[in-house]
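J.: Handing you this structure, nothing more for now.
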Amino acid sequence: MTTTSHTSGDSHSHITRVPAPEGMAPGTGYSHTVWGTGRFVAVSGQCALDEKGEVVGAGDAGAQTRQVFENLRRCLAAAGATFDDVVKLTYFVTDIAHLPAVRAARDGFIAPDRYPASSAVQVSALFRPELLVEIEAFAVVREV
């Protein structure tokens with residue numbers, strides 16, 4: 001079993017990631033198993049909406065995903081969390097062909113050695129027809 005955890009300062013992380021449990025191939029851009037200790041944070045599914053509720057990046061899955069991750073970052077910050085604390089992401093995409101653009105945008109926010117567990121689901125539509133991507137997050141924040 002390969003286990004990774006990151007350190008913050010001198011102490012070990014409260015998050016443990018197992019990219020590939022024994023007998024399993026590593027996932028592409030995710031860890032198969034992630035656990036942590038601390039305060040649980042759930043972030044509702046975020047879409048590519050700006051502060052005025054306007055769609056950012058119409059027709060562009062990469063631009064929409066960057067806005068989604070920026071919105072997730074803001075939500076996590078409101079709970080005292082960062083992407084390092086995320087244990088699970090769920091991606092909802094209107095076309096599975098968007099995943100390469102989604103992964104590229106994600107990599108601008110999450111380091112490859114810190115990938116959370118994740119699921120990707122193709123859906124027929126999101127709540128507005130011009131939206132291509134929605135992502136929800138679960139995090140565990142270290143108790144202070």
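Numbering starts fresh at 1 for the residues of each chain in the structure tokens, the chains themselves are lettered A, B, ... in the order given, and ligands are numbered from 1 as they appear.
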Go through segment 109-140 of chain A residue by residue and, counting only C-alpha atoms, keep those with an atom at most 9 Å from segment 30-48 of chain A; for each kept residue give the shortest atom pair and its distance in Å to one decimal, ordered by chain and increasing number, as a Markdown table.

T.:
```
| residue | atom | partner | partner_atom | distance |
| --- | --- | --- | --- | --- |
| A:Pro112 | CA | A:Tyr30 | CA | 8.4 |
| A:Arg114 | CA | A:Ser31 | CA | 8.3 |
| A:Tyr115 | CA | A:Tyr30 | CA | 4.9 |
| A:Pro116 | CA | A:Ser31 | CA | 5.5 |
| A:Ala117 | CA | A:Ser31 | CA | 4.8 |
| A:Ser118 | CA | A:Tyr30 | CA | 6.1 |
| A:Ser119 | CA | A:Tyr30 | CA | 8.8 |
| A:Leu126 | CA | A:Cys47 | CA | 9.0 |
| A:Leu131 | CA | A:Ala48 | CA | 7.0 |
| A:Leu132 | CA | A:Cys47 | CA | 8.3 |
| A:Val133 | CA | A:Cys47 | CA | 6.2 |
| A:Glu134 | CA | A:Cys47 | CA | 4.7 |
| A:Ile135 | CA | A:Gly45 | CA | 4.9 |
| A:Glu136 | CA | A:Gly45 | CA | 3.9 |
| A:Ala137 | CA | A:Val43 | CA | 5.1 |
| A:Phe138 | CA | A:Ala42 | CA | 4.6 |
| A:Ala139 | CA | A:Val41 | CA | 5.0 |
| A:Val140 | CA | A:Phe40 | CA | 4.6 |
```

J.: Mind listing the alpha helix (DSSP H) residues of chain A, per DSSP on the backbone, as an NGL selection string?

T.: :A and (61-78 or 99-106)

J.: At what distance in Å, to one decimal, does atom CA of Ile15 of chain A lie from atom CA of Asp85 of chain A?

T.: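 Atom CA of Ile15 of chain A lies 7.0 Å from atom CA of Asp85 of chain A.
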
J.: Quick one: distance from atom CA of Arg106 of chain A to atom CA of Asn71 of chain A in Å, one decimal?

T.: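 Distance reported for this atom pair: 12.3 Å.
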
J.: Can you work out which one of A:Val18, A:Ala120, A:Ala78, A:Val55 has the shortest atom-to-atom distance to Pro100 of chain A, counting only C-alpha atoms?

T.: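 For Pro100 of chain A, the nearest of the candidates is A:Ala120.
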
J.: Per DSSP on the backbone, filter chain A down to the residues in strand (DSSP E) and report them as number ranges by chain.

T.: A: 2-4, 7-8, 11-12, 15-20, 33-36, 39-46, 86-93, 117-122, 133-141

J.: From the options A:Arg103, A:Arg17, A:Gln122, A:Val86, which residue's atoms come nearest to Arg66 of chain A, counting only C-alpha atoms?

T.: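 The shortest atom-to-atom distance to Arg66 of chain A comes from A:Arg103.
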
J.: Have a look at atom CA of Cys75 of chain A and atom CA of Asp50 of chain A and let me know their distance in Å, one decimal.

T.: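 Value for the atom CA of Cys75 of chain A-atom CA of Asp50 of chain A distance: 13.1 Å.
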